[in-house]
file target25.tsv (TSV, C-alpha atoms)
chain	number	residue	atom	x	y	z
A	321	MET	CA	0.00	0.00	0.00
A	322	ALA	CA	1.27	3.48	-0.85
A	323	GLU	CA	1.51	5.97	1.99
A	324	CYS	CA	-1.98	7.01	3.09
A	325	TYR	CA	-2.60	10.72	3.71
A	326	ILE	CA	-5.19	10.04	6.45
A	327	CYS	CA	-3.14	7.37	8.24
A	328	THR	CA	-0.19	9.79	8.23
A	329	LYS	CA	-2.43	12.64	9.46
A	330	HIS	CA	-3.56	10.49	12.41
A	331	THR	CA	0.06	10.24	13.58
A	332	ALA	CA	0.49	14.04	13.52
A	333	MET	CA	-2.82	15.43	14.80
A	334	SER	CA	-0.98	17.94	17.00
A	335	VAL	CA	-0.04	19.92	13.88
A	336	VAL	CA	-3.50	19.76	12.27
A	337	PRO	CA	-5.32	23.06	12.95
A	338	GLY	CA	-7.88	22.34	15.65
A	339	GLY	CA	-6.54	18.83	16.18
A	340	GLU	CA	-9.03	16.15	17.13
A	341	LEU	CA	-12.52	17.31	18.02
A	342	ILE	CA	-13.39	13.96	19.55
A	343	ALA	CA	-11.90	10.53	19.17
A	344	ASP	CA	-11.91	7.05	20.59
A	345	GLU	CA	-9.99	3.87	19.93
A	346	HIS	CA	-11.78	3.35	16.60
A	347	ALA	CA	-12.32	6.76	14.99
A	348	VAL	CA	-11.24	10.41	14.89
A	349	VAL	CA	-13.18	13.61	14.10
A	350	SER	CA	-11.21	16.57	12.75
A	351	HIS	CA	-11.76	19.63	10.57
A	352	LEU	CA	-11.00	19.91	6.87
A	353	PRO	CA	-7.31	20.85	6.78
A	354	LEU	CA	-5.95	23.76	4.81
A	355	THR	CA	-3.56	21.41	3.00
A	356	THR	CA	-4.75	18.18	1.42
A	357	PRO	CA	-3.18	15.82	-1.12
A	358	THR	CA	-4.87	17.77	-3.92
A	359	SER	CA	-4.86	21.38	-2.70
A	360	CYS	CA	-3.36	24.00	-0.43
A	361	SER	CA	-5.44	26.97	0.64
A	362	ALA	CA	-5.15	30.02	2.88
A	363	SER	CA	-8.71	29.43	4.07
A	364	VAL	CA	-11.29	26.66	4.28
A	365	TYR	CA	-15.04	26.38	4.72
A	366	LEU	CA	-15.66	26.46	8.47
A	367	GLY	CA	-17.75	23.54	9.64
A	368	HIS	CA	-16.52	20.84	7.25
A	369	LEU	CA	-15.57	17.94	9.50
A	370	PHE	CA	-14.28	14.44	8.81
A	371	VAL	CA	-15.04	11.27	10.73
A	372	GLU	CA	-12.29	8.76	9.95
A	373	PRO	CA	-11.69	5.25	11.22
A	374	ARG	CA	-8.22	4.84	12.72
A	375	ARG	CA	-7.72	1.55	10.89
A	376	HIS	CA	-7.00	1.88	7.19
A	377	VAL	CA	-10.15	0.83	5.34
A	378	THR	CA	-11.53	2.16	2.07
A	379	GLU	CA	-15.23	1.32	2.27
A	380	LEU	CA	-18.03	1.43	4.87
A	381	GLY	CA	-18.59	-2.29	4.42
A	382	GLU	CA	-15.05	-3.00	5.66
A	383	LEU	CA	-15.71	-1.56	9.14
A	384	THR	CA	-16.07	-3.91	12.06
A	385	ALA	CA	-19.27	-3.58	14.10
A	386	ASP	CA	-17.37	-1.65	16.79
A	387	GLU	CA	-15.79	0.70	14.23
A	388	ALA	CA	-19.16	1.33	12.54
A	389	ALA	CA	-20.77	2.08	15.91
A	390	SER	CA	-17.95	4.47	16.75
A	391	VAL	CA	-18.14	6.30	13.40
A	392	GLY	CA	-21.91	6.72	13.84
A	393	ARG	CA	-21.66	7.86	17.47
A	394	LEU	CA	-18.89	10.37	16.77
A	395	ALA	CA	-20.72	11.68	13.68
A	396	SER	CA	-23.84	12.25	15.77
A	397	LEU	CA	-21.90	14.07	18.51
A	398	ALA	CA	-20.02	16.26	16.01
A	399	SER	CA	-23.19	17.09	14.07
A	400	GLY	CA	-24.96	18.07	17.28
A	401	ALA	CA	-22.05	20.31	18.26
A	402	LEU	CA	-22.20	22.06	14.85
A	403	GLN	CA	-25.89	22.72	15.40
A	404	ARG	CA	-25.63	23.85	19.04
A	405	SER	CA	-22.44	25.88	18.78
A	406	GLU	CA	-22.54	27.26	15.24
A	407	GLY	CA	-26.26	27.30	14.55
A	408	ALA	CA	-26.03	24.94	11.59
A	409	GLU	CA	-29.55	24.41	10.27
A	410	HIS	CA	-28.52	21.17	8.55
A	411	VAL	CA	-25.45	18.93	8.55
A	412	TYR	CA	-24.82	16.96	5.39
A	413	ALA	CA	-23.13	13.57	5.70
A	414	ALA	CA	-21.48	11.77	2.80
A	415	VAL	CA	-18.87	9.20	1.93
A	416	ILE	CA	-17.45	9.89	-1.51
A	417	GLY	CA	-14.11	8.10	-1.64
A	418	HIS	CA	-12.63	9.56	-4.81
A	419	GLY	CA	-9.80	11.72	-3.50
A	420	VAL	CA	-8.20	9.68	-0.71
A	421	GLU	CA	-8.46	5.92	-0.41
A	422	HIS	CA	-9.12	5.88	3.35
A	423	LEU	CA	-12.74	5.94	4.41
A	424	HIS	CA	-13.80	9.36	5.65
A	425	LEU	CA	-17.30	10.59	6.35
A	426	HIS	CA	-17.77	14.25	5.44
A	427	LEU	CA	-19.94	16.29	7.83
A	428	ILE	CA	-20.69	19.64	6.22
A	429	ALA	CA	-22.64	22.33	8.05
A	430	ARG	CA	-25.19	24.42	6.20
A	431	TYR	CA	-25.75	27.73	7.92
A	432	PRO	CA	-28.90	29.86	8.06
A	433	GLY	CA	-29.16	32.24	5.14
A	434	THR	CA	-27.37	29.97	2.69
A	435	PRO	CA	-29.20	30.47	-0.62
A	436	ARG	CA	-30.84	27.28	-1.89
A	437	GLU	CA	-28.67	27.24	-5.03
A	438	TYR	CA	-25.66	26.72	-2.75
A	439	TRP	CA	-27.12	23.86	-0.70
A	440	TRP	CA	-25.41	20.47	-0.50
A	441	THR	CA	-22.19	20.21	-2.51
A	442	ARG	CA	-21.99	23.93	-3.22
A	443	VAL	CA	-22.22	25.36	0.34
A	444	ASP	CA	-18.56	26.37	0.25
A	445	GLU	CA	-19.03	28.18	-3.09
A	446	TRP	CA	-21.45	30.72	-1.59
A	447	PRO	CA	-19.62	34.08	-1.56
A	448	ASP	CA	-20.79	34.75	2.04
A	449	ALA	CA	-19.92	31.26	3.31
A	450	PRO	CA	-17.93	31.25	6.55
A	451	ARG	CA	-14.27	30.71	5.71
A	452	GLY	CA	-11.20	30.92	7.86
A	453	ASP	CA	-7.51	30.29	8.27
A	454	ALA	CA	-5.81	27.95	10.74
A	455	GLN	CA	-6.54	30.30	13.66
A	456	ALA	CA	-10.25	30.43	12.76
A	457	VAL	CA	-10.35	26.62	12.49
A	458	ARG	CA	-8.75	26.30	15.95
A	459	ALA	CA	-11.30	28.75	17.41
A	460	LEU	CA	-14.18	26.86	15.78
A	461	MET	CA	-12.91	23.54	17.12
A	462	ASP	CA	-12.64	25.02	20.63
A	463	ARG	CA	-16.28	26.18	20.40
A	464	LEU	CA	-17.35	22.77	19.13
A	465	ARG	CA	-15.52	21.01	21.99
A	466	ALA	CA	-17.35	23.26	24.45
A	467	ALA	CA	-20.66	22.29	22.81
A	468	LEU	CA	-20.12	18.54	23.21
A	469	PRO	CA	-22.15	16.86	25.96
A	470	SER	CA	-20.26	16.86	29.25
A	471	SER	CA	-20.30	13.05	29.24
A	472	THR	CA	-18.27	12.95	26.01
A	473	PRO	CA	-14.80	11.53	26.63
A	474	PRO	CA	-12.04	13.94	25.59
A	475	ALA	CA	-10.15	13.38	22.36
A	476	ALA	CA	-7.23	11.00	22.68
A	477	ALA	CA	-3.91	12.78	23.12
call {"tool": "encode", "arguments": {"input": "target25.tsv", "output": "structure tokens"}}
result
Amino acid sequence: MAECYICTKHTAMSVVPGGELIADEHAVVSHLPLTTPTSCSASVYLGHLFVEPRRHVTELGELTADEAASVGRLASLASGALQRSEGAEHVYAAVIGHGVEHLHLHLIARYPGTPREYWWTRVDEWPDAPRGDAQAVRALMDRLRAALPSSTPPAAA
């Protein structure tokens, strides 16, 4: 197997802006990074999260029952935090699998006022969409952590 971007990212979460939002032994939730295998940007759409299994798998059907439960639980917690903290009126969830061959569930917030023509895959194209640099991503992730239920275990160090 060639080096996997996501597996490598999991070993260096301390340098990923915002780090882990929440994590357990099976999965990690983080924000869309400013640098990916296909792009480098000064800003990103704020509220685009990834839920990724720690183990290298490429498809949902490859997850163990425990991994699938973890991905679902963490996705629910992260989506709820986007709604409570950032006022997201909807959180899209999708597995696409074309860019990086490591399963990752996209959670993409849609904020109030987003014109209908920018819903779903175009939310980040809206000229007034919330965008930010690494500092803005860190601040967002801090707000999201504060919005998690108090019974949520902290992200793994």
call {"tool": "residues_around", "arguments": {"input": "target25.tsv", "residues": "A:Ala467", "least_positions_apart": "3", "cutoff": "7 Å", "atoms": "all atoms listed in the file", "output": "PyMOL selection string"}}
result
chain A and resi 401+404-405+463-464
call {"tool": "atom_distance", "arguments": {"input": "target25.tsv", "atom1": "atom CA of A:Gly400", "atom2": "atom CA of A:Pro353"}}
result
20.7 Å
call {"tool": "closest_residue", "arguments": {"input": "target25.tsv", "among": "A:Trp446, A:Tyr325, A:Phe370, A:Trp440", "to": "A:Val415", "atoms": "all atoms listed in the file"}}
result
A:Phe370
call {"tool": "residues_around", "arguments": {"input": "target25.tsv", "residues": "A:Arg430", "least_positions_apart": "6", "cutoff": "7 Å", "atoms": "all atoms listed in the file", "output": "PyMOL selection string"}}
result
chain A and resi 408-411+443
call {"tool": "closest_residue", "arguments": {"input": "target25.tsv", "among": "A:Cys327, A:Ala395, A:Leu380, A:Ala414", "to": "A:Leu341", "atoms": "all atoms listed in the file"}}
result
A:Ala395
call {"tool": "atom_distance", "arguments": {"input": "target25.tsv", "atom1": "atom CA of A:Val348", "atom2": "atom CA of A:Ala332"}}
result
12.4 Å
call {"tool": "closest_residue", "arguments": {"input": "target25.tsv", "among": "A:Pro432, A:Gly419, A:Pro447, A:Pro469", "to": "A:Cys324", "atoms": "all atoms listed in the file"}}
result
A:Gly419
call {"tool": "atom_distance", "arguments": {"input": "target25.tsv", "atom1": "atom CA of A:Ala456", "atom2": "atom CA of A:Leu352"}}
result
12.1 Å
call {"tool": "closest_residue", "arguments": {"input": "target25.tsv", "among": "A:Ser361, A:Leu397, A:Thr331, A:Ala449", "to": "A:Ser471", "atoms": "only C-alpha atoms"}}
result
A:Leu397
call {"tool": "closest_residue", "arguments": {"input": "target25.tsv", "among": "A:His351, A:Lys329, A:Arg436, A:His422", "to": "A:His368", "atoms": "all atoms listed in the file"}}
result
A:His351
call {"tool": "residues_around", "arguments": {"input": "target25.tsv", "residues": "A:Tyr365", "least_positions_apart": "5", "cutoff": "7 Å", "atoms": "all atoms listed in the file", "output": "ChimeraX atom specification"}}
result
/A:444,450-452
call {"tool": "build_atoms", "arguments": {"input": "target25.tsv", "residues": "stretch 431-442 of chain A", "atoms": "N, CA and C atoms", "output": "PDB file, in the frame of the given file"}}
result
ATOM      1  N   TYR A 431     -25.387  26.675   6.979  1.00  0.00           N
ATOM      2  CA  TYR A 431     -25.750  27.730   7.920  1.00  0.00           C
ATOM      3  C   TYR A 431     -26.987  28.483   7.459  1.00  0.00           C
ATOM      4  N   PRO A 432     -27.727  29.066   8.419  1.00  0.00           N
ATOM      5  CA  PRO A 432     -28.900  29.860   8.060  1.00  0.00           C
ATOM      6  C   PRO A 432     -28.513  30.968   7.068  1.00  0.00           C
ATOM      7  N   GLY A 433     -29.396  31.205   6.128  1.00  0.00           N
ATOM      8  CA  GLY A 433     -29.160  32.240   5.140  1.00  0.00           C
ATOM      9  C   GLY A 433     -28.460  31.748   3.883  1.00  0.00           C
ATOM     10  N   THR A 434     -28.012  30.508   3.894  1.00  0.00           N
ATOM     11  CA  THR A 434     -27.370  29.970   2.690  1.00  0.00           C
ATOM     12  C   THR A 434     -28.417  29.867   1.591  1.00  0.00           C
ATOM     13  N   PRO A 435     -28.218  30.556   0.474  1.00  0.00           N
ATOM     14  CA  PRO A 435     -29.200  30.470  -0.620  1.00  0.00           C
ATOM     15  C   PRO A 435     -29.333  29.036  -1.123  1.00  0.00           C
ATOM     16  N   ARG A 436     -30.547  28.662  -1.464  1.00  0.00           N
ATOM     17  CA  ARG A 436     -30.840  27.280  -1.890  1.00  0.00           C
ATOM     18  C   ARG A 436     -29.914  26.802  -3.020  1.00  0.00           C
ATOM     19  N   GLU A 437     -29.533  27.693  -3.927  1.00  0.00           N
ATOM     20  CA  GLU A 437     -28.670  27.240  -5.030  1.00  0.00           C
ATOM     21  C   GLU A 437     -27.275  26.824  -4.559  1.00  0.00           C
ATOM     22  N   TYR A 438     -26.953  27.119  -3.310  1.00  0.00           N
ATOM     23  CA  TYR A 438     -25.660  26.720  -2.750  1.00  0.00           C
ATOM     24  C   TYR A 438     -25.791  25.556  -1.761  1.00  0.00           C
ATOM     25  N   TRP A 439     -26.954  24.989  -1.616  1.00  0.00           N
ATOM     26  CA  TRP A 439     -27.120  23.860  -0.700  1.00  0.00           C
ATOM     27  C   TRP A 439     -26.344  22.648  -1.209  1.00  0.00           C
ATOM     28  N   TRP A 440     -26.075  21.752  -0.320  1.00  0.00           N
ATOM     29  CA  TRP A 440     -25.410  20.470  -0.500  1.00  0.00           C
ATOM     30  C   TRP A 440     -23.974  20.656  -0.978  1.00  0.00           C
ATOM     31  N   THR A 441     -23.605  20.222  -2.130  1.00  0.00           N
ATOM     32  CA  THR A 441     -22.190  20.210  -2.510  1.00  0.00           C
ATOM     33  C   THR A 441     -21.628  21.581  -2.834  1.00  0.00           C
ATOM     34  N   ARG A 442     -22.475  22.596  -2.850  1.00  0.00           N
ATOM     35  CA  ARG A 442     -21.990  23.930  -3.220  1.00  0.00           C
ATOM     36  C   ARG A 442     -21.948  24.898  -2.027  1.00  0.00           C
TER      37      ARG A 442
END
